[in-house]
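Taking it in order: structure first as structure tokens, then the write-up.
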Amino acid sequence: MSEYFKNISKIKYEGTSSNNPLSFKYYNENQTVLGKTMKEHLRFATCYWHTFTWPGLDPFGGPTLDRPWMGSGDPLKMAELKLDAAFDFFSKIQTPFFCFHDRDIAPEGSTYSETKKNLDHIVNLIEKKMKDTGVKLLWGTANAFSHKRYMGGASTNPDPEVFAYVAAQVKDCMDVTMRLGGQNYVLWGGREGYETILNTNMKLEMNNLSRFLELVVEYKHKIGFTGQILLEPKPHEPTKHQYDFDTAACLALIRKAGLEKEIKLNIEVNHATLSGHNFEHEIGYAISNDALGSIDINRGDTLLGWDTDQFPNNSSDLLMAFYYIFSNGGFKQGGFNFDAKIRRQSIEPEDLFYAHIGGMDICAKTLIATEKLINDNVIPKYINNRYSNWNGDLGKFIHSKDSNLEALHQRVINNNINPKPKSGQQELLENILNKYL
Ligand code: XUL
Ligand code: CO
């Protein structure tokens with residue numbers, strides 16, 4: 001048990017009649033929904049970076065979160081203190097998984113070798129903590145965006161030495177992720193984009209990014225890592241134009257490298273909205289292309305145009321995305337990672353618990369609604385009916401090898417084809433959905 005969370009005990013399910021703020025109202029890990037327990041379906045992960053490393057900065061203000069491990073002592077000792085608190089938190093909030101960046105768990109040293117030594121030291125401790133607590137690793141990732149060497153990008157940097165450096169860093173991080181039994185490895189290209197076309201060779205940068213993806217996949221097979229490799233789309237922030245803008249842009253990158261069988265996507269709610277889509281669109285697009293790997297569950301703020309990374313709190317933002325995910329079998333290796341942070345005024349240890357309890361409860365509540373929506377079979381009924389003519393003679397002919405523009409031209413004339421518009425029934429469907437919220 002850590003000193004920092006010593007006043008908080010393991011969070012229990014108490015149901016909606018409970019007034020205890022440190023209890024779950026909907027998340028009952030052993031409750032069966034859609035044939036599996038909530039724990040098995042939701043596969044929640046706490047993220048190391050926002051929950052334990054972010055000090056409460058914003059562009060105008062300094063740190064507000066006064067955690068004991070954020071003091072000015074020996075950085076490695078601080079990392080150990082943070083680790084104790086983190087595993088105490090995971091065990092009490094009961095997310096079965098956690099996720100990390102290499103630099104969240106261990107400090108950067110003054111040389112590459114020193115950094116690696118720090119990482120190995122902490123990973124030894126993490127391995128022991130994972131054994132003692134049973135908490136598992138959903139995914140690991142490398143921070144290739146905070147240090148100034150990466151200011152012009154990592155694998156898309158104009159300097160090949162930076163490419164080599166990030167290759168070394170990702171190799172170590174993949175080794176560590178595999179050693180800790182990670183079920184996925186995530187690539188989020190924080191600065192894999194550019195600020196101005198005035199100084200940018202876009203073609204070279206994209207070729208280099210493609211080469212980097214090839215090297216990652218090749219190494220995965222070399223070491224026998226059985227986790228999924230996931231690319232995480234984000235349109236901008238920190239960089240103005242990012243090559244991994246959204247699901248469609250990521251799929252284009254993956255296809256450019258010929259790796260569509262090897263790389264899937266980690267889709268984040270707030271990144272979806274920042275790219276001008278909504279979450280369900282990004283989920284639906286990925287599933288339709290057999291590319292959904294995992295999700296980062298959070299939300300933005302409609303009045304703020306940046307990545308506020310708030311905890312989810314609204315079922316109507318999530319229901320259709322959940323519907324898509326769970327009517328397509330849910331996650332096997334992926335999960336729900338809370339890539340979310342508390343507000344900078346939420347300075348007490350309890351605030352971290354309230355945030356995760358709220359996020360886990362809203363996901364559980366939405367999962368229960370999703371079960372009803374799936375079992376009532378209402379949406380497929382409308383969709384199947386809308387597309388039903390594709391099962392008929394003409395639909396089949398269009399996809400047959402006998403069809404071509406001339407043959408279709410002939411059919412329109414011979415059969416006097418004269419399509420009649422039909423209602424899309426959007427309002428009716430929105431009213432039906434309302435019953436499940
Ligand atoms: C940044 C973001 C990252 C990735 C992992 O917006 O979402 O935390 O999830 O690097
Ligand atoms: Co994320």
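By convention in this document, the chains of the structure tokens carry letters A, B, ... by their order, each chain's residues are numbered from 1, and ligands are numbered from 1 in the order they are shown.
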Produce a table with one row for each residue of region 92-167 of chain A that has an atom at most 12 Å from any atom of region 349-358 of chain A, each row naming the nearest atom pair and its distance in Å at one decimal; use only C-alpha atoms; arrange rows by chain and rising residue number; format as JSON lines.
```
{"residue": "A:Lys92", "atom": "CA", "partner": "A:Phe353", "partner_atom": "CA", "distance": 8.9}
{"residue": "A:Ile93", "atom": "CA", "partner": "A:Phe353", "partner_atom": "CA", "distance": 6.9}
{"residue": "A:Gln94", "atom": "CA", "partner": "A:His356", "partner_atom": "CA", "distance": 9.8}
{"residue": "A:Thr95", "atom": "CA", "partner": "A:His356", "partner_atom": "CA", "distance": 9.0}
```
Could you dump the residues just selected with C-alpha atoms as a short mmCIF file (atom, residue, chain, number, x, y, z; two decimals), in the first residue's frame?
```cif
data_model
loop_
_atom_site.label_atom_id
_atom_site.label_comp_id
_atom_site.auth_asym_id
_atom_site.auth_seq_id
_atom_site.Cartn_x
_atom_site.Cartn_y
_atom_site.Cartn_z
CA LYS A 92 -7.92 -0.20 -5.60
CA ILE A 93 -9.73 1.09 -8.68
CA GLN A 94 -9.51 -2.39 -10.24
CA THR A 95 -8.80 -1.61 -13.82
#
```
Selection within 9 Å of ligand 1 by only C-alpha atoms and all ligand atoms, output as a ChimeraX atom specification: /A:47,49-50,99-101,140-145,186-190,232-234,237-238,266-268,270-271,296,307,309,337,339-340
Output the selection as an mmCIF file, in the first residue's frame - N, CA and C atoms for each residue.
```cif
data_model
loop_
_atom_site.group_PDB
_atom_site.id
_atom_site.type_symbol
_atom_site.label_atom_id
_atom_site.label_comp_id
_atom_site.auth_asym_id
_atom_site.auth_seq_id
_atom_site.Cartn_x
_atom_site.Cartn_y
_atom_site.Cartn_z
ATOM 1 N N CYS A 47 -4.173 4.825 -17.462
ATOM 2 C CA CYS A 47 -2.951 5.254 -18.154
ATOM 3 C C CYS A 47 -1.998 5.930 -17.173
ATOM 4 N N TRP A 49 0.457 8.026 -17.817
ATOM 5 C CA TRP A 49 0.933 9.397 -18.067
ATOM 6 C C TRP A 49 0.016 10.438 -17.442
ATOM 7 N N HIS A 50 -1.282 10.428 -17.793
ATOM 8 C CA HIS A 50 -2.146 11.481 -17.249
ATOM 9 C C HIS A 50 -2.367 11.300 -15.750
ATOM 10 N N CYS A 99 -1.468 1.080 -18.953
ATOM 11 C CA CYS A 99 -0.706 1.406 -20.173
ATOM 12 C C CYS A 99 0.375 2.419 -19.801
ATOM 13 N N PHE A 100 1.482 2.407 -20.518
ATOM 14 C CA PHE A 100 2.549 3.380 -20.192
ATOM 15 C C PHE A 100 3.302 3.833 -21.434
ATOM 16 N N HIS A 101 3.939 5.014 -21.312
ATOM 17 C CA HIS A 101 5.027 5.415 -22.212
ATOM 18 C C HIS A 101 6.323 5.131 -21.457
ATOM 19 N N GLY A 140 2.135 -0.907 -24.231
ATOM 20 C CA GLY A 140 3.233 0.013 -23.981
ATOM 21 C C GLY A 140 3.439 0.871 -25.217
ATOM 22 N N THR A 141 4.103 2.005 -25.030
ATOM 23 C CA THR A 141 4.412 2.884 -26.158
ATOM 24 C C THR A 141 5.614 3.753 -25.795
ATOM 25 N N ALA A 142 6.272 4.289 -26.825
ATOM 26 C CA ALA A 142 7.434 5.136 -26.577
ATOM 27 C C ALA A 142 7.033 6.607 -26.696
ATOM 28 N N ASN A 143 7.554 7.412 -25.800
ATOM 29 C CA ASN A 143 7.334 8.861 -25.916
ATOM 30 C C ASN A 143 8.393 9.410 -26.857
ATOM 31 N N ALA A 144 7.979 9.664 -28.096
ATOM 32 C CA ALA A 144 8.901 10.202 -29.108
ATOM 33 C C ALA A 144 8.427 11.590 -29.510
ATOM 34 N N PHE A 145 8.032 12.366 -28.508
ATOM 35 C CA PHE A 145 7.529 13.711 -28.819
ATOM 36 C C PHE A 145 7.897 14.773 -27.790
ATOM 37 N N VAL A 186 1.557 0.323 -29.015
ATOM 38 C CA VAL A 186 0.930 1.463 -29.703
ATOM 39 C C VAL A 186 1.980 2.417 -30.273
ATOM 40 N N LEU A 187 1.695 2.897 -31.487
ATOM 41 C CA LEU A 187 2.521 3.948 -32.101
ATOM 42 C C LEU A 187 1.638 5.175 -32.255
ATOM 43 N N TRP A 188 1.886 6.178 -31.433
ATOM 44 C CA TRP A 188 1.209 7.455 -31.659
ATOM 45 C C TRP A 188 2.285 8.439 -32.098
ATOM 46 N N GLY A 189 2.132 8.944 -33.304
ATOM 47 C CA GLY A 189 3.185 9.776 -33.862
ATOM 48 C C GLY A 189 3.045 11.228 -33.465
ATOM 49 N N GLY A 190 3.201 11.518 -32.201
ATOM 50 C CA GLY A 190 3.023 12.882 -31.695
ATOM 51 C C GLY A 190 3.399 13.995 -32.666
ATOM 52 N N GLU A 232 -2.228 5.065 -33.683
ATOM 53 C CA GLU A 232 -3.285 5.878 -33.067
ATOM 54 C C GLU A 232 -3.479 7.167 -33.856
ATOM 55 N N PRO A 233 -4.625 7.338 -34.512
ATOM 56 C CA PRO A 233 -4.843 8.560 -35.305
ATOM 57 C C PRO A 233 -5.046 9.798 -34.418
ATOM 58 N N LYS A 234 -4.543 10.941 -34.904
ATOM 59 C CA LYS A 234 -4.831 12.232 -34.265
ATOM 60 C C LYS A 234 -4.575 13.309 -35.308
ATOM 61 N N GLU A 237 -2.160 18.912 -33.100
ATOM 62 C CA GLU A 237 -1.798 19.063 -31.698
ATOM 63 C C GLU A 237 -0.994 17.861 -31.221
ATOM 64 N N PRO A 238 0.323 17.942 -31.104
ATOM 65 C CA PRO A 238 1.067 19.190 -31.189
ATOM 66 C C PRO A 238 1.348 19.706 -32.611
ATOM 67 N N ASN A 266 -5.621 2.158 -32.803
ATOM 68 C CA ASN A 266 -6.091 2.498 -31.453
ATOM 69 C C ASN A 266 -6.825 3.825 -31.593
ATOM 70 N N ILE A 267 -8.147 3.760 -31.488
ATOM 71 C CA ILE A 267 -8.957 4.957 -31.781
ATOM 72 C C ILE A 267 -9.330 5.678 -30.495
ATOM 73 N N GLU A 268 -9.055 6.987 -30.469
ATOM 74 C CA GLU A 268 -9.340 7.786 -29.272
ATOM 75 C C GLU A 268 -10.533 8.705 -29.536
ATOM 76 N N ASN A 270 -11.560 11.642 -28.294
ATOM 77 C CA ASN A 270 -11.320 13.072 -28.502
ATOM 78 C C ASN A 270 -10.532 13.360 -29.776
ATOM 79 N N HIS A 271 -9.700 12.415 -30.197
ATOM 80 C CA HIS A 271 -8.989 12.602 -31.472
ATOM 81 C C HIS A 271 -9.985 12.528 -32.627
ATOM 82 N N ASP A 296 -8.929 4.402 -26.886
ATOM 83 C CA ASP A 296 -8.626 5.314 -25.786
ATOM 84 C C ASP A 296 -9.926 6.043 -25.500
ATOM 85 N N ASP A 307 -7.273 19.148 -27.255
ATOM 86 C CA ASP A 307 -7.412 17.801 -26.707
ATOM 87 C C ASP A 307 -7.513 17.871 -25.184
ATOM 88 N N ASP A 309 -8.938 15.804 -23.160
ATOM 89 C CA ASP A 309 -8.743 14.492 -22.516
ATOM 90 C C ASP A 309 -9.531 14.346 -21.220
ATOM 91 N N ASN A 337 -8.788 2.002 -22.717
ATOM 92 C CA ASN A 337 -7.760 2.707 -21.941
ATOM 93 C C ASN A 337 -8.228 4.121 -21.634
ATOM 94 N N ASP A 339 -7.347 7.228 -21.527
ATOM 95 C CA ASP A 339 -6.360 8.257 -21.868
ATOM 96 C C ASP A 339 -7.019 9.590 -21.499
ATOM 97 N N ALA A 340 -7.170 9.798 -20.207
ATOM 98 C CA ALA A 340 -7.972 10.925 -19.709
ATOM 99 C C ALA A 340 -7.344 11.469 -18.440
#
```
Picked from region 85-327 of chain A by DSSP as strand (DSSP E or B), as an MDAnalysis selection string: chainID A and resid 97:101 136:141 184:187 193:194 228:231 241:242 263:268 292:296 299 301 304 310
Restricting the output to N, CA, C and O atoms, write the selected residues as a compact mmCIF listing (two decimals), in the first residue's frame.
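The result, stored in result.txt:
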```
# COMPACT_ATOMS: atom_id res chain seq x y z
N PHE A 97 -5.98 -3.64 -16.25
CA PHE A 97 -4.79 -3.34 -17.04
C PHE A 97 -4.26 -1.93 -16.76
O PHE A 97 -4.98 -1.08 -16.24
N PHE A 98 -3.03 -1.69 -17.19
CA PHE A 98 -2.50 -0.32 -17.26
C PHE A 98 -1.78 -0.16 -18.60
O PHE A 98 -1.55 -1.14 -19.32
N CYS A 99 -1.47 1.08 -18.95
CA CYS A 99 -0.71 1.41 -20.17
C CYS A 99 0.37 2.42 -19.80
O CYS A 99 0.18 3.19 -18.87
N PHE A 100 1.48 2.41 -20.52
CA PHE A 100 2.55 3.38 -20.19
C PHE A 100 3.30 3.83 -21.43
O PHE A 100 3.30 3.14 -22.46
N HIS A 101 3.94 5.01 -21.31
CA HIS A 101 5.03 5.42 -22.21
C HIS A 101 6.32 5.13 -21.46
O HIS A 101 6.38 5.32 -20.24
N LYS A 136 -2.39 -6.36 -15.27
CA LYS A 136 -1.71 -6.71 -16.52
C LYS A 136 -1.46 -5.47 -17.38
O LYS A 136 -2.05 -4.42 -17.15
N LEU A 137 -0.63 -5.68 -18.40
CA LEU A 137 -0.29 -4.57 -19.29
C LEU A 137 -1.13 -4.65 -20.57
O LEU A 137 -1.04 -5.64 -21.30
N LEU A 138 -1.95 -3.61 -20.82
CA LEU A 138 -2.72 -3.60 -22.07
C LEU A 138 -1.78 -3.21 -23.22
O LEU A 138 -1.75 -3.87 -24.24
N TRP A 139 -1.05 -2.12 -23.05
CA TRP A 139 -0.06 -1.75 -24.07
C TRP A 139 1.02 -0.85 -23.53
O TRP A 139 0.84 -0.13 -22.56
N GLY A 140 2.14 -0.91 -24.23
CA GLY A 140 3.23 0.01 -23.98
C GLY A 140 3.44 0.87 -25.22
O GLY A 140 3.00 0.52 -26.31
N THR A 141 4.10 2.01 -25.03
CA THR A 141 4.41 2.88 -26.16
C THR A 141 5.61 3.75 -25.80
O THR A 141 5.93 3.92 -24.62
N ASN A 184 -0.62 -5.39 -26.57
CA ASN A 184 -0.57 -4.53 -27.77
C ASN A 184 0.66 -3.63 -27.63
O ASN A 184 1.15 -3.40 -26.53
N TYR A 185 1.11 -3.09 -28.77
CA TYR A 185 2.13 -2.04 -28.76
C TYR A 185 1.60 -0.89 -29.60
O TYR A 185 1.19 -1.10 -30.76
N VAL A 186 1.56 0.32 -29.01
CA VAL A 186 0.93 1.46 -29.70
C VAL A 186 1.98 2.42 -30.27
O VAL A 186 3.01 2.69 -29.64
N LEU A 187 1.69 2.90 -31.49
CA LEU A 187 2.52 3.95 -32.10
C LEU A 187 1.64 5.17 -32.25
O LEU A 187 0.70 5.16 -33.06
N GLY A 193 4.39 14.84 -38.52
CA GLY A 193 3.67 15.73 -39.40
C GLY A 193 4.55 16.95 -39.60
O GLY A 193 5.77 16.86 -39.45
N TYR A 194 3.97 18.08 -39.94
CA TYR A 194 4.82 19.25 -40.16
C TYR A 194 4.08 20.53 -39.82
O TYR A 194 2.85 20.56 -39.74
N GLN A 228 -0.79 -7.00 -30.63
CA GLN A 228 -1.13 -6.27 -31.87
C GLN A 228 -0.28 -5.00 -31.94
O GLN A 228 -0.05 -4.35 -30.93
N ILE A 229 0.12 -4.62 -33.16
CA ILE A 229 0.75 -3.32 -33.37
C ILE A 229 -0.38 -2.37 -33.77
O ILE A 229 -1.14 -2.65 -34.70
N LEU A 230 -0.49 -1.25 -33.05
CA LEU A 230 -1.60 -0.32 -33.28
C LEU A 230 -1.09 1.08 -33.57
O LEU A 230 -0.21 1.59 -32.89
N LEU A 231 -1.70 1.69 -34.58
CA LEU A 231 -1.41 3.10 -34.89
C LEU A 231 -2.56 3.92 -34.31
O LEU A 231 -3.71 3.52 -34.43
N HIS A 241 -0.13 19.77 -39.13
CA HIS A 241 -0.64 18.76 -40.06
C HIS A 241 -0.02 17.43 -39.67
O HIS A 241 1.19 17.33 -39.59
N GLN A 242 -0.84 16.43 -39.40
CA GLN A 242 -0.25 15.12 -39.06
C GLN A 242 -0.61 14.11 -40.15
O GLN A 242 -1.72 14.12 -40.67
N ILE A 263 -1.01 -4.17 -39.00
CA ILE A 263 -1.20 -3.03 -38.10
C ILE A 263 -2.68 -2.68 -38.02
O ILE A 263 -3.35 -2.56 -39.05
N LYS A 264 -3.16 -2.54 -36.79
CA LYS A 264 -4.54 -2.10 -36.60
C LYS A 264 -4.51 -0.73 -35.91
O LYS A 264 -3.45 -0.12 -35.79
N LEU A 265 -5.68 -0.27 -35.47
CA LEU A 265 -5.75 1.10 -34.96
C LEU A 265 -6.17 1.16 -33.50
O LEU A 265 -6.97 0.34 -33.03
N ASN A 266 -5.62 2.16 -32.80
CA ASN A 266 -6.09 2.50 -31.45
C ASN A 266 -6.83 3.83 -31.59
O ASN A 266 -6.21 4.87 -31.82
N ILE A 267 -8.15 3.76 -31.49
CA ILE A 267 -8.96 4.96 -31.78
C ILE A 267 -9.33 5.68 -30.50
O ILE A 267 -9.84 5.06 -29.55
N GLU A 268 -9.05 6.99 -30.47
CA GLU A 268 -9.34 7.79 -29.27
C GLU A 268 -10.53 8.71 -29.54
O GLU A 268 -10.58 9.38 -30.57
N LEU A 292 -9.98 -2.39 -36.40
CA LEU A 292 -10.09 -1.87 -35.03
C LEU A 292 -9.27 -2.73 -34.08
O LEU A 292 -9.46 -3.95 -34.02
N GLY A 293 -8.36 -2.07 -33.33
CA GLY A 293 -7.52 -2.83 -32.40
C GLY A 293 -7.87 -2.59 -30.95
O GLY A 293 -7.97 -3.52 -30.15
N SER A 294 -8.07 -1.30 -30.59
CA SER A 294 -8.29 -0.95 -29.19
C SER A 294 -8.81 0.48 -29.15
O SER A 294 -8.84 1.15 -30.20
N ILE A 295 -9.23 0.94 -27.96
CA ILE A 295 -9.67 2.35 -27.91
C ILE A 295 -9.10 3.09 -26.69
O ILE A 295 -8.83 2.49 -25.65
N ASP A 296 -8.93 4.40 -26.89
CA ASP A 296 -8.63 5.31 -25.79
C ASP A 296 -9.93 6.04 -25.50
O ASP A 296 -10.44 6.80 -26.34
N ARG A 299 -13.08 12.16 -23.64
CA ARG A 299 -13.98 13.05 -24.39
C ARG A 299 -13.31 14.41 -24.47
O ARG A 299 -12.42 14.73 -23.66
N ASP A 301 -14.23 18.80 -25.19
CA ASP A 301 -15.23 19.77 -24.75
C ASP A 301 -15.63 20.52 -26.00
O ASP A 301 -14.76 21.07 -26.69
N LEU A 304 -14.15 23.91 -26.43
CA LEU A 304 -12.69 24.08 -26.47
C LEU A 304 -12.15 23.24 -27.61
O LEU A 304 -12.43 22.05 -27.68
N GLN A 310 -10.84 14.62 -21.27
CA GLN A 310 -11.64 14.46 -20.05
C GLN A 310 -12.18 13.04 -19.95
O GLN A 310 -12.28 12.34 -20.96
```
Residues near Thr366 (chain A), cut-off 9 Å, only C-alpha atoms, skip fewer than 2 positions along chain, as a list in words: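 In the requested form, the answer reads Asn314, Ser315, Ser316, Leu318, Leu319, Phe322, Asp361, Ile362, Cys363, Ala364, Ile368, Ala369, Thr370, Glu371, Tyr436 and Leu437 of chain A.
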May I have the residues from that selection written out with C-alpha atoms, as a compact mmCIF listing (two decimals), in the first residue's frame?
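And here is the file that came out, result-v1.txt:
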```txt
# COMPACT_ATOMS: atom_id res chain seq x y z
CA ASN A 314 -22.28 10.78 -21.35
CA SER A 315 -23.86 7.59 -22.70
CA SER A 316 -25.33 9.27 -25.76
CA LEU A 318 -20.83 6.42 -26.67
CA LEU A 319 -23.84 4.25 -27.41
CA PHE A 322 -20.33 0.61 -28.29
CA ASP A 361 -19.61 3.58 -14.49
CA ILE A 362 -20.62 5.40 -17.69
CA CYS A 363 -19.01 2.64 -19.79
CA ALA A 364 -20.80 -0.05 -17.74
CA ILE A 368 -26.00 -2.49 -20.41
CA ALA A 369 -27.87 -0.23 -22.85
CA THR A 370 -25.89 -1.75 -25.74
CA GLU A 371 -26.96 -5.25 -24.72
CA TYR A 436 -32.02 2.97 -24.75
CA LEU A 437 -30.28 5.97 -23.21
```
For Gly153 (chain A): contacts at 10 Å, only C-alpha atoms, fewer than 2 positions along chain excluded, given as number ranges by chain: A: 144-145, 148-151, 155-159, 162-163, 166, 189-194, 205, 239
Pairwise distance for CA of Arg103 (chain A) and CA of Tyr48 (chain A), rounded to one decimal in Å: 10.0 Å
Selected residue, from A:Val216, A:Met206, A:Lys128, A:Lys10, that lies nearest to Gln169 (chain A) when counting only C-alpha atoms: A:Val216
Long-range neighbours of Ser423 (chain A) as a count of residues only, 12 Å cut-off, only C-alpha atoms, 3 positions minimum in chain: 8
Closest of A:Gln345, A:Ile297, A:Lys332, A:Pro63 to ligand 2 - atom-to-atom distances counting only C-alpha atoms and all ligand atoms: A:Ile297
Contact residues around Leu367 (chain A) with only C-alpha atoms at 9 Å, ignoring same-chain residues under 5 positions, as a PDB file with N, CA, C and O atoms, in the first residue's frame:
```pdb
ATOM      1  N   VAL A  33     -23.011  -9.558 -19.085  1.00  0.00           N
ATOM      2  CA  VAL A  33     -23.691  -8.758 -20.104  1.00  0.00           C
ATOM      3  C   VAL A  33     -23.251  -9.329 -21.451  1.00  0.00           C
ATOM      4  O   VAL A  33     -22.055  -9.565 -21.643  1.00  0.00           O
ATOM      5  N   LEU A  34     -24.162  -9.549 -22.342  1.00  0.00           N
ATOM      6  CA  LEU A  34     -23.818 -10.084 -23.663  1.00  0.00           C
ATOM      7  C   LEU A  34     -22.881 -11.297 -23.558  1.00  0.00           C
ATOM      8  O   LEU A  34     -21.873 -11.376 -24.266  1.00  0.00           O
ATOM      9  N   MET A  38     -18.630  -7.982 -17.241  1.00  0.00           N
ATOM     10  CA  MET A  38     -18.243  -6.601 -17.592  1.00  0.00           C
ATOM     11  C   MET A  38     -16.721  -6.469 -17.632  1.00  0.00           C
ATOM     12  O   MET A  38     -16.167  -5.776 -18.485  1.00  0.00           O
ATOM     13  N   HIS A  41     -15.465  -7.862 -20.897  1.00  0.00           N
ATOM     14  CA  HIS A  41     -15.808  -7.057 -22.069  1.00  0.00           C
ATOM     15  C   HIS A  41     -15.024  -5.739 -22.111  1.00  0.00           C
ATOM     16  O   HIS A  41     -14.527  -5.333 -23.148  1.00  0.00           O
ATOM     17  N   LEU A  42     -14.982  -5.057 -20.951  1.00  0.00           N
ATOM     18  CA  LEU A  42     -14.501  -3.665 -20.995  1.00  0.00           C
ATOM     19  C   LEU A  42     -12.972  -3.580 -20.914  1.00  0.00           C
ATOM     20  O   LEU A  42     -12.374  -2.643 -21.418  1.00  0.00           O
ATOM     21  N   LEU A 319     -23.002   5.412 -27.139  1.00  0.00           N
ATOM     22  CA  LEU A 319     -23.843   4.248 -27.412  1.00  0.00           C
ATOM     23  C   LEU A 319     -23.623   3.638 -28.796  1.00  0.00           C
ATOM     24  O   LEU A 319     -23.453   2.427 -28.920  1.00  0.00           O
ATOM     25  N   PHE A 322     -20.277   1.880 -29.023  1.00  0.00           N
ATOM     26  CA  PHE A 322     -20.332   0.606 -28.286  1.00  0.00           C
ATOM     27  C   PHE A 322     -21.127  -0.420 -29.093  1.00  0.00           C
ATOM     28  O   PHE A 322     -20.781  -1.586 -29.141  1.00  0.00           O
ATOM     29  N   TYR A 323     -22.214   0.059 -29.672  1.00  0.00           N
ATOM     30  CA  TYR A 323     -23.055  -0.852 -30.457  1.00  0.00           C
ATOM     31  C   TYR A 323     -22.216  -1.488 -31.579  1.00  0.00           C
ATOM     32  O   TYR A 323     -22.250  -2.691 -31.798  1.00  0.00           O
ATOM     33  N   PHE A 326     -19.521  -3.904 -29.921  1.00  0.00           N
ATOM     34  CA  PHE A 326     -19.985  -5.160 -29.316  1.00  0.00           C
ATOM     35  C   PHE A 326     -20.851  -5.985 -30.259  1.00  0.00           C
ATOM     36  O   PHE A 326     -20.954  -7.191 -30.091  1.00  0.00           O
ATOM     37  N   ILE A 362     -19.890   5.000 -16.468  1.00  0.00           N
ATOM     38  CA  ILE A 362     -20.617   5.402 -17.688  1.00  0.00           C
ATOM     39  C   ILE A 362     -20.412   4.336 -18.780  1.00  0.00           C
ATOM     40  O   ILE A 362     -21.339   4.048 -19.555  1.00  0.00           O
ATOM     41  N   LYS A 372     -29.211  -4.299 -24.568  1.00  0.00           N
ATOM     42  CA  LYS A 372     -30.643  -4.231 -24.931  1.00  0.00           C
ATOM     43  C   LYS A 372     -30.798  -3.895 -26.410  1.00  0.00           C
ATOM     44  O   LYS A 372     -31.595  -4.482 -27.126  1.00  0.00           O
TER      45      LYS A 372
END
```
Of the listed residues A:Ala45, A:Pro380, A:Ser210, A:Met360, that which approaches ligand 2 most closely, counting only C-alpha atoms and all ligand atoms: A:Ala45
Residues of region 102-218 of chain A in helix (DSSP H, G or I), written as a ChimeraX atom specification: /A:102-105,112-133,148-150,160-179,197-199,202-218
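Between Thr133 (chain A) and the residues A:Met1, A:Leu259, A:Leu253, A:Ile325, the shortest atom-to-atom distance, using only C-alpha atoms, involves A:Met1.
Take CA of Phe52 (chain A) and CA of Asp246 (chain A): the distance between them is 27.7 Å.
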Nearby residues (only C-alpha atoms) at most 6 Å from region 272-289 of chain A, same-chain spacing under 5 positions excluded, as a list of chain:residue names: A:Pro235, A:Met320, A:Ala321
Point-to-point distance in Å for CA of Leu65 (chain A) and CA of Ala79 (chain A): 16.0 Å
Closest of A:Asn298, A:Thr247, A:Asn30, A:Thr196 to ligand 2 - atom-to-atom distances counting only C-alpha atoms and all ligand atoms: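 Smallest separation from ligand 2 among the options: A:Asn298.
Proximity to ligand 2 was assessed for A:Ile105, A:Leu394, A:Leu22, A:Val269 counting only C-alpha atoms and all ligand atoms; the smallest distance is recorded for A:Val269.
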